[in-house]
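Structure file entry06.cif (mmCIF, C-alpha atoms and all ligand atoms) is printed below.
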data_target
#
loop_
_atom_site.group_PDB
_atom_site.id
_atom_site.type_symbol
_atom_site.label_atom_id
_atom_site.label_comp_id
_atom_site.auth_asym_id
_atom_site.auth_seq_id
_atom_site.Cartn_x
_atom_site.Cartn_y
_atom_site.Cartn_z
ATOM 1 C CA MET Y 4 7.615 -5.198 22.694
ATOM 2 C CA PRO Y 5 5.661 -7.305 20.197
ATOM 3 C CA ASP Y 6 2.464 -5.211 20.415
ATOM 4 C CA ARG Y 7 4.109 -1.843 19.875
ATOM 5 C CA LEU Y 8 2.768 0.096 16.888
ATOM 6 C CA TYR Y 9 4.933 -0.725 13.897
ATOM 7 C CA ARG Y 10 4.993 0.671 10.377
ATOM 8 C CA ILE Y 11 6.561 -0.643 7.189
ATOM 9 C CA ILE Y 12 6.653 1.295 3.935
ATOM 10 C CA TYR Y 13 7.778 -0.697 0.931
ATOM 11 C CA MET Y 14 7.666 -0.568 -2.805
ATOM 12 C CA SER Y 15 7.724 -3.411 -5.305
ATOM 13 C CA ARG Y 16 7.555 -4.073 -9.003
ATOM 14 C CA ASN Y 17 4.242 -5.239 -10.452
ATOM 15 C CA MET Y 18 4.308 -8.771 -11.869
ATOM 16 C CA LEU Y 19 0.579 -9.002 -12.595
ATOM 17 C CA THR Y 20 -0.004 -9.488 -16.290
ATOM 18 C CA GLY Y 21 -2.867 -9.219 -18.747
ATOM 19 C CA THR Y 22 -5.071 -6.459 -20.030
ATOM 20 C CA TYR Y 23 -5.716 -3.305 -18.020
ATOM 21 C CA ASP Y 24 -9.039 -4.785 -16.845
ATOM 22 C CA ALA Y 25 -7.477 -8.133 -15.930
ATOM 23 C CA ILE Y 26 -4.813 -6.413 -13.837
ATOM 24 C CA ALA Y 27 -7.439 -4.194 -12.198
ATOM 25 C CA ALA Y 28 -9.431 -7.326 -11.282
ATOM 26 C CA GLN Y 29 -6.341 -8.902 -9.719
ATOM 27 C CA VAL Y 30 -5.641 -5.737 -7.725
ATOM 28 C CA ASP Y 31 -9.270 -5.835 -6.560
ATOM 29 C CA GLY Y 32 -8.649 -9.404 -5.382
ATOM 30 C CA ILE Y 33 -5.631 -8.244 -3.377
ATOM 31 C CA LEU Y 34 -7.770 -5.554 -1.756
ATOM 32 C CA VAL Y 35 -10.529 -8.040 -0.882
ATOM 33 C CA SER Y 36 -7.999 -10.361 0.816
ATOM 34 C CA SER Y 37 -6.315 -7.407 2.505
ATOM 35 C CA ARG Y 38 -9.506 -6.000 3.927
ATOM 36 C CA ARG Y 39 -10.644 -9.434 5.106
ATOM 37 C CA ASN Y 40 -7.315 -10.285 6.759
ATOM 38 C CA ASN Y 41 -6.024 -6.938 7.983
ATOM 39 C CA ALA Y 42 -8.898 -5.637 10.088
ATOM 40 C CA PRO Y 43 -9.093 -8.658 12.449
ATOM 41 C CA ALA Y 44 -5.302 -8.508 12.868
ATOM 42 C CA GLY Y 45 -5.384 -4.790 13.677
ATOM 43 C CA VAL Y 46 -3.400 -3.991 10.523
ATOM 44 C CA GLY Y 47 -4.201 -0.921 8.441
ATOM 45 C CA GLY Y 48 -2.601 1.201 5.788
ATOM 46 C CA VAL Y 49 -2.716 2.157 2.181
ATOM 47 C CA LEU Y 50 -1.878 0.453 -1.090
ATOM 48 C CA MET Y 51 -0.944 2.509 -4.107
ATOM 49 C CA PHE Y 52 -0.668 1.039 -7.571
ATOM 50 C CA ASN Y 53 0.645 3.068 -10.435
ATOM 51 C CA ASN Y 54 3.233 3.073 -13.152
ATOM 52 C CA GLY Y 55 3.967 -0.645 -12.842
ATOM 53 C CA CYS Y 56 4.795 -0.504 -9.145
ATOM 54 C CA PHE Y 57 3.141 -0.972 -5.790
ATOM 55 C CA LEU Y 58 3.719 1.254 -2.798
ATOM 56 C CA GLN Y 59 2.238 0.061 0.467
ATOM 57 C CA VAL Y 60 2.134 1.320 4.029
ATOM 58 C CA LEU Y 61 1.321 -1.281 6.695
ATOM 59 C CA GLU Y 62 0.606 -0.146 10.260
ATOM 60 C CA GLY Y 63 -0.361 -2.136 13.336
ATOM 61 C CA PRO Y 64 0.994 -4.314 16.118
ATOM 62 C CA PHE Y 65 4.547 -5.491 15.352
ATOM 63 C CA ALA Y 66 3.719 -9.206 15.197
ATOM 64 C CA ALA Y 67 0.668 -8.709 12.963
ATOM 65 C CA VAL Y 68 2.428 -6.351 10.541
ATOM 66 C CA SER Y 69 5.434 -8.693 10.345
ATOM 67 C CA ALA Y 70 3.247 -11.736 9.633
ATOM 68 C CA THR Y 71 1.282 -9.801 6.990
ATOM 69 C CA PHE Y 72 4.434 -8.506 5.338
ATOM 70 C CA GLU Y 73 5.974 -12.008 5.243
ATOM 71 C CA ARG Y 74 2.865 -13.283 3.465
ATOM 72 C CA ILE Y 75 2.903 -10.356 1.043
ATOM 73 C CA GLN Y 76 6.565 -10.907 0.183
ATOM 74 C CA ARG Y 77 5.804 -14.464 -0.950
ATOM 75 C CA ASP Y 78 3.134 -13.195 -3.373
ATOM 76 C CA GLU Y 79 4.118 -13.717 -6.999
ATOM 77 C CA GLY Y 80 2.013 -10.729 -8.028
ATOM 78 C CA HIS Y 81 5.024 -8.552 -7.367
ATOM 79 C CA ASP Y 82 8.774 -8.728 -7.137
ATOM 80 C CA GLU Y 83 11.814 -6.708 -6.064
ATOM 81 C CA VAL Y 84 10.339 -5.685 -2.740
ATOM 82 C CA ILE Y 85 12.318 -2.793 -1.267
ATOM 83 C CA VAL Y 86 11.634 -1.615 2.279
ATOM 84 C CA LEU Y 87 11.750 2.186 2.303
ATOM 85 C CA GLU Y 88 11.153 2.575 6.022
ATOM 86 C CA ALA Y 89 10.426 0.349 9.020
ATOM 87 C CA GLY Y 90 9.995 1.619 12.542
ATOM 88 C CA TYR Y 91 7.843 2.441 15.531
ATOM 89 C CA PRO Y 92 5.733 5.581 14.962
ATOM 90 C CA GLU Y 93 3.879 7.353 17.748
ATOM 91 C CA GLU Y 94 0.533 7.044 16.014
ATOM 92 C CA ARG Y 95 -1.205 5.633 12.969
ATOM 93 C CA ARG Y 96 -1.502 7.725 9.810
ATOM 94 C CA PHE Y 97 -4.237 5.529 8.285
ATOM 95 C CA ALA Y 98 -6.297 4.672 11.353
ATOM 96 C CA ASP Y 99 -9.607 4.309 9.507
ATOM 97 C CA TRP Y 100 -8.429 1.960 6.816
ATOM 98 C CA SER Y 101 -7.876 -1.799 6.781
ATOM 99 C CA MET Y 102 -6.378 -1.043 3.356
ATOM 100 C CA ALA Y 103 -7.106 2.178 1.556
ATOM 101 C CA PHE Y 104 -6.385 2.194 -2.148
ATOM 102 C CA VAL Y 105 -5.265 4.864 -4.529
ATOM 103 C CA GLY Y 106 -4.316 4.484 -8.147
ATOM 104 C CA ALA Y 107 -4.978 2.252 -11.148
ATOM 105 C CA ASP Y 108 -7.745 4.436 -12.510
ATOM 106 C CA ARG Y 109 -6.720 5.640 -15.951
ATOM 107 C CA ALA Y 110 -8.975 8.686 -15.779
ATOM 108 C CA ASP Y 111 -7.286 9.728 -12.565
ATOM 109 C CA ALA Y 112 -3.709 9.081 -13.572
ATOM 110 C CA HIS Y 113 -2.841 12.777 -13.591
ATOM 111 C CA ARG Y 114 -3.602 12.983 -9.860
ATOM 112 C CA TYR Y 115 -0.743 10.636 -9.104
ATOM 113 C CA GLU Y 116 1.913 12.500 -11.032
ATOM 114 C CA LEU Y 117 3.373 13.607 -7.739
ATOM 115 C CA LEU Y 118 4.196 10.057 -6.797
ATOM 116 C CA LYS Y 119 5.486 8.602 -10.010
ATOM 117 C CA LEU Y 120 6.825 5.626 -8.119
ATOM 118 C CA ASP Y 121 10.164 6.015 -9.755
ATOM 119 C CA ARG Y 122 12.429 3.981 -7.498
ATOM 120 C CA ALA Y 123 15.235 6.474 -7.303
ATOM 121 C CA ARG Y 124 12.885 9.344 -6.433
ATOM 122 C CA LEU Y 125 10.896 7.351 -3.922
ATOM 123 C CA ALA Y 126 13.978 6.119 -2.144
ATOM 124 C CA VAL Y 127 15.122 9.675 -1.430
ATOM 125 C CA LEU Y 128 11.719 11.264 -0.799
ATOM 126 C CA ALA Y 129 11.342 12.091 2.891
ATOM 127 C CA LYS Y 130 9.037 9.452 4.330
ATOM 128 C CA ASP Y 131 7.013 11.992 6.270
ATOM 129 C CA GLU Y 132 6.383 13.864 3.035
ATOM 130 C CA MET Y 133 5.425 10.599 1.325
ATOM 131 C CA LEU Y 134 2.963 9.712 4.116
ATOM 132 C CA ALA Y 135 1.457 13.202 3.956
ATOM 133 C CA GLN Y 136 0.976 12.895 0.186
ATOM 134 C CA LEU Y 137 -0.647 9.484 0.556
ATOM 135 C CA GLN Y 138 -2.936 10.794 3.293
ATOM 136 C CA GLY Y 139 -3.957 13.619 0.955
ATOM 137 C CA LEU Y 140 -4.747 11.178 -1.851
ATOM 138 C CA VAL Y 141 -6.746 8.914 0.471
ATOM 139 C CA GLY Y 142 -8.683 11.993 1.651
ATOM 140 C CA GLU Y 143 -9.450 13.008 -1.949
ATOM 141 C CA GLU Y 144 -10.550 9.450 -2.702
ATOM 142 C CA GLU Y 145 -12.916 9.500 0.276
ATOM 143 C CA VAL Y 146 -14.502 12.767 -0.872
ATOM 144 C CA ARG Y 147 -14.812 11.473 -4.443
ATOM 145 C CA ARG Y 148 -16.492 8.210 -3.380
ATOM 146 C CA ALA Y 149 -18.866 10.031 -1.037
ATOM 147 C CA ALA Y 150 -19.949 12.437 -3.813
HETATM 148 P P1 LIG J 201 -7.065 -15.850 -0.123
HETATM 149 O O1 LIG J 201 -6.629 -16.473 -1.416
HETATM 150 O O2 LIG J 201 -7.530 -14.448 -0.158
HETATM 151 O O3 LIG J 201 -8.156 -16.741 0.560
HETATM 152 C C1 LIG J 201 -7.759 -17.959 1.190
HETATM 153 C C2 LIG J 201 -8.864 -18.551 1.960
HETATM 154 O O4 LIG J 201 -9.756 -17.590 2.505
HETATM 155 C C3 LIG J 201 -9.670 -19.450 1.085
HETATM 156 O O5 LIG J 201 -9.307 -20.757 1.383
HETATM 157 C C4 LIG J 201 -11.098 -19.185 1.402
HETATM 158 O O6 LIG J 201 -11.677 -20.269 2.049
HETATM 159 C C5 LIG J 201 -11.097 -18.057 2.353
HETATM 160 N N1 LIG J 201 -11.909 -16.970 1.795
HETATM 161 C C6 LIG J 201 -11.857 -16.462 0.554
HETATM 162 N N2 LIG J 201 -12.752 -15.468 0.408
HETATM 163 C C7 LIG J 201 -13.394 -15.362 1.589
HETATM 164 C C8 LIG J 201 -14.406 -14.515 2.079
HETATM 165 N N3 LIG J 201 -14.972 -13.589 1.317
HETATM 166 N N4 LIG J 201 -14.801 -14.655 3.355
HETATM 167 C C9 LIG J 201 -14.254 -15.593 4.145
HETATM 168 N N5 LIG J 201 -13.275 -16.434 3.739
HETATM 169 C C10 LIG J 201 -12.850 -16.320 2.478
HETATM 170 N N6 LIG J 201 -2.761 -9.565 1.875
HETATM 171 C C11 LIG J 201 -3.178 -9.163 3.088
HETATM 172 O O7 LIG J 201 -3.753 -9.962 3.846
HETATM 173 N N7 LIG J 201 -2.974 -7.880 3.490
HETATM 174 C C12 LIG J 201 -2.363 -6.943 2.722
HETATM 175 O O8 LIG J 201 -2.237 -5.792 3.129
HETATM 176 C C13 LIG J 201 -1.906 -7.361 1.441
HETATM 177 N N8 LIG J 201 -1.267 -6.497 0.614
HETATM 178 C C14 LIG J 201 -0.784 -6.936 -0.567
HETATM 179 C C15 LIG J 201 -0.053 -6.060 -1.390
HETATM 180 C C16 LIG J 201 0.480 -6.495 -2.598
HETATM 181 C C17 LIG J 201 1.257 -5.531 -3.440
HETATM 182 C C18 LIG J 201 0.270 -7.825 -3.019
HETATM 183 C C19 LIG J 201 0.838 -8.293 -4.326
HETATM 184 C C20 LIG J 201 -0.441 -8.699 -2.218
HETATM 185 C C21 LIG J 201 -0.984 -8.279 -1.001
HETATM 186 N N9 LIG J 201 -1.703 -9.130 -0.184
HETATM 187 C C22 LIG J 201 -2.135 -8.702 1.049
HETATM 188 C C23 LIG J 201 -2.075 -10.475 -0.622
HETATM 189 C C24 LIG J 201 -1.169 -11.506 0.008
HETATM 190 O O9 LIG J 201 0.020 -11.589 -0.685
HETATM 191 C C25 LIG J 201 -1.852 -12.863 0.024
HETATM 192 O O10 LIG J 201 -2.227 -13.225 -1.267
HETATM 193 C C26 LIG J 201 -3.063 -12.849 0.900
HETATM 194 O O11 LIG J 201 -2.764 -12.303 2.163
HETATM 195 C C27 LIG J 201 -3.570 -14.261 1.072
HETATM 196 O O12 LIG J 201 -4.733 -14.146 1.844
HETATM 197 P P2 LIG J 201 -5.519 -15.416 2.239
HETATM 198 O O13 LIG J 201 -4.602 -16.371 2.943
HETATM 199 O O14 LIG J 201 -6.726 -14.954 2.963
HETATM 200 O O15 LIG J 201 -5.817 -16.075 0.847
#
Would you write the structure of this file as structure tokens?
Ligand code: FAD
Amino acid sequence: MPDRLYRIIYMSRNMLTGTYDAIAAQVDGILVSSRRNNAPAGVGGVLMFNNGCFLQVLEGPFAAVSATFERIQRDEGHDEVIVLEAGYPEERRFADWSMAFVGADRADAHRYELLKLDRARLAVLAKDEMLAQLQGLVGEEEVRRAA
């Protein structure tokens, strides 16, 4: 069933280097590519960057998510990619987003305490709970940007 809705949640270690601003610019570049590529492919999700790690949720048709994830895994901007969950959900959790983004803002760091992206903690955190927390953060981000 290649077009069935598919979701991958993974985490990886940041390999982007440079000053805070240089890294932020590189993350912006990732988001520009993601938003350009993901929407036409029907792929959506959220990217979180914090504490030296990435956490990303990719949702969409199986073939499109798989192709996107293969491309992402070859990216030298990160390493040690660990899939936390992969499966066929009933519905999207991030339907409105080609790639929402939370994190990387020093002033906001305290808001992401909940998800410290510590590998051991993330690996055992219930994925439904993780998705709910990410949805909450994306919602807060939306409100903040609209203000
Ligand atoms: P790019 O380097 O972005 O661009 C390649 C070509 O696109 C260029 O030849 C140029 O002609 C053309 N181009 C450039 N800018 C424009 C423009 N504005 N309009 C039209 N054409 C243009 N990638 C994703 O696609 N989705 C993701 O969700 C995603 N998540 C990522 C998460 C992490 C943690 C990391 C590290 C990377 C992620 N990436 C993601 C990036 C991914 O690894 C690849 O770098 C990216 O997909 C390459 O995209 P691209 O082939 O369009 O190359």
Proximity of chain Y to ligand LIG 201 (chain J): per-residue shortest pair, 7 Å limit, only C-alpha atoms and all ligand atoms, as JSON lines:
{"residue": "Y:Ile33", "atom": "CA", "partner": "J:LIG201", "partner_atom": "C23", "distance": 5.0}
{"residue": "Y:Leu34", "atom": "CA", "partner": "J:LIG201", "partner_atom": "C13", "distance": 6.9}
{"residue": "Y:Ser36", "atom": "CA", "partner": "J:LIG201", "partner_atom": "O2", "distance": 4.2}
{"residue": "Y:Ser37", "atom": "CA", "partner": "J:LIG201", "partner_atom": "N7", "distance": 3.5}
{"residue": "Y:Arg38", "atom": "CA", "partner": "J:LIG201", "partner_atom": "N7", "distance": 6.8}
{"residue": "Y:Arg39", "atom": "CA", "partner": "J:LIG201", "partner_atom": "N4", "distance": 6.9}
{"residue": "Y:Asn40", "atom": "CA", "partner": "J:LIG201", "partner_atom": "O7", "distance": 4.6}
{"residue": "Y:Asn41", "atom": "CA", "partner": "J:LIG201", "partner_atom": "N7", "distance": 5.5}
{"residue": "Y:Leu50", "atom": "CA", "partner": "J:LIG201", "partner_atom": "C15", "distance": 6.8}
{"residue": "Y:Phe57", "atom": "CA", "partner": "J:LIG201", "partner_atom": "C17", "distance": 5.5}
{"residue": "Y:Gln59", "atom": "CA", "partner": "J:LIG201", "partner_atom": "C15", "distance": 6.8}
{"residue": "Y:Leu61", "atom": "CA", "partner": "J:LIG201", "partner_atom": "O8", "distance": 6.8}
{"residue": "Y:Thr71", "atom": "CA", "partner": "J:LIG201", "partner_atom": "N7", "distance": 5.8}
{"residue": "Y:Arg74", "atom": "CA", "partner": "J:LIG201", "partner_atom": "O9", "distance": 5.3}
{"residue": "Y:Ile75", "atom": "CA", "partner": "J:LIG201", "partner_atom": "O9", "distance": 3.6}
{"residue": "Y:Gln76", "atom": "CA", "partner": "J:LIG201", "partner_atom": "O9", "distance": 6.6}
{"residue": "Y:Arg77", "atom": "CA", "partner": "J:LIG201", "partner_atom": "O9", "distance": 6.5}
{"residue": "Y:Asp78", "atom": "CA", "partner": "J:LIG201", "partner_atom": "O9", "distance": 4.4}
{"residue": "Y:Glu79", "atom": "CA", "partner": "J:LIG201", "partner_atom": "C19", "distance": 6.9}
{"residue": "Y:Gly80", "atom": "CA", "partner": "J:LIG201", "partner_atom": "C19", "distance": 4.6}
{"residue": "Y:His81", "atom": "CA", "partner": "J:LIG201", "partner_atom": "C19", "distance": 5.2}
{"residue": "Y:Met102", "atom": "CA", "partner": "J:LIG201", "partner_atom": "O8", "distance": 6.3}
Atomic distance atom CA of Y:Tyr23 - atom CA of Y:Val60, expressed in Å with one decimal: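 Separation of atom CA of Y:Tyr23 and atom CA of Y:Val60: 23.9 Å.
Applied to the file shown here, the PyMOL selection byres (((chain Y and resi 87-95) around 7) and not hetatm) selects Leu8, Tyr9, Arg10, Ile11, Ile12, Tyr13, Glu62, Ile85, Val86, Arg96, Phe97, Ala98 and Ala126 of chain Y.
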task: Would you mind listing what lies within 7 Å of Y:Gly45 as an NGL selection string, with all atoms listed in the file counted and same-chain residues fewer than 2 positions away left out?
output: :Y and (41-43 or 47 or 63-64)
Could you give me the centre and size, in Å to one decimal, of an axis-aligned box around all listed atoms of stretch 4-20 of chain Y with 5 Å added on every side, as JSON?
{"center_x": 3.9, "center_y": -4.1, "center_z": 3.2, "size_x": 17.8, "size_y": 20.8, "size_z": 49.0}
- line: Counting all atoms listed in the file, closest pick from Y:Val105, Y:Leu19, Y:Ala129, Y:Ala149 relative to Y:Val49 is Y:Val105
message: Under the rule that only C-alpha atoms are counted, which of Y:Val46, Y:Leu137, Y:Val84, Y:Cys56 is the nearest residue to Y:Val68?
response: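 Ranking Y:Val46, Y:Leu137, Y:Val84, Y:Cys56 by distance to Y:Val68, first place goes to Y:Val46.
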query: Of the residues Y:Phe104, Y:Val35, Y:Leu58, Y:Asn53, which is the one nearest to Y:Leu140, using all atoms listed in the file?
result: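 Among Y:Phe104, Y:Val35, Y:Leu58, Y:Asn53, it is Y:Phe104 that comes nearest to Y:Leu140.
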task: Give the answer as one residue: which of Y:Ala44, Y:Phe52, Y:Asp82, Y:Val146 has the shortest atom-to-atom distance to Y:Asp31, using all atoms listed in the file?
output: Y:Phe52
- prompt: With distances taken over all atoms listed in the file, which of Y:Met51, Y:Glu83, Y:Ala67, Y:Asp99 is nearest to Y:Gln136?
  reply: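 Using all atoms listed in the file, the shortest distance to Y:Gln136 belongs to Y:Met51.
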message: One number please: atom CA of Y:Met18 to atom CA of Y:Gly32, in Å, one decimal.
response: 14.5 Å
query: What does the distance between atom CA of Y:Gly21 and atom CA of Y:Val141 come to in Å, to one decimal place?
result: 26.7 Å
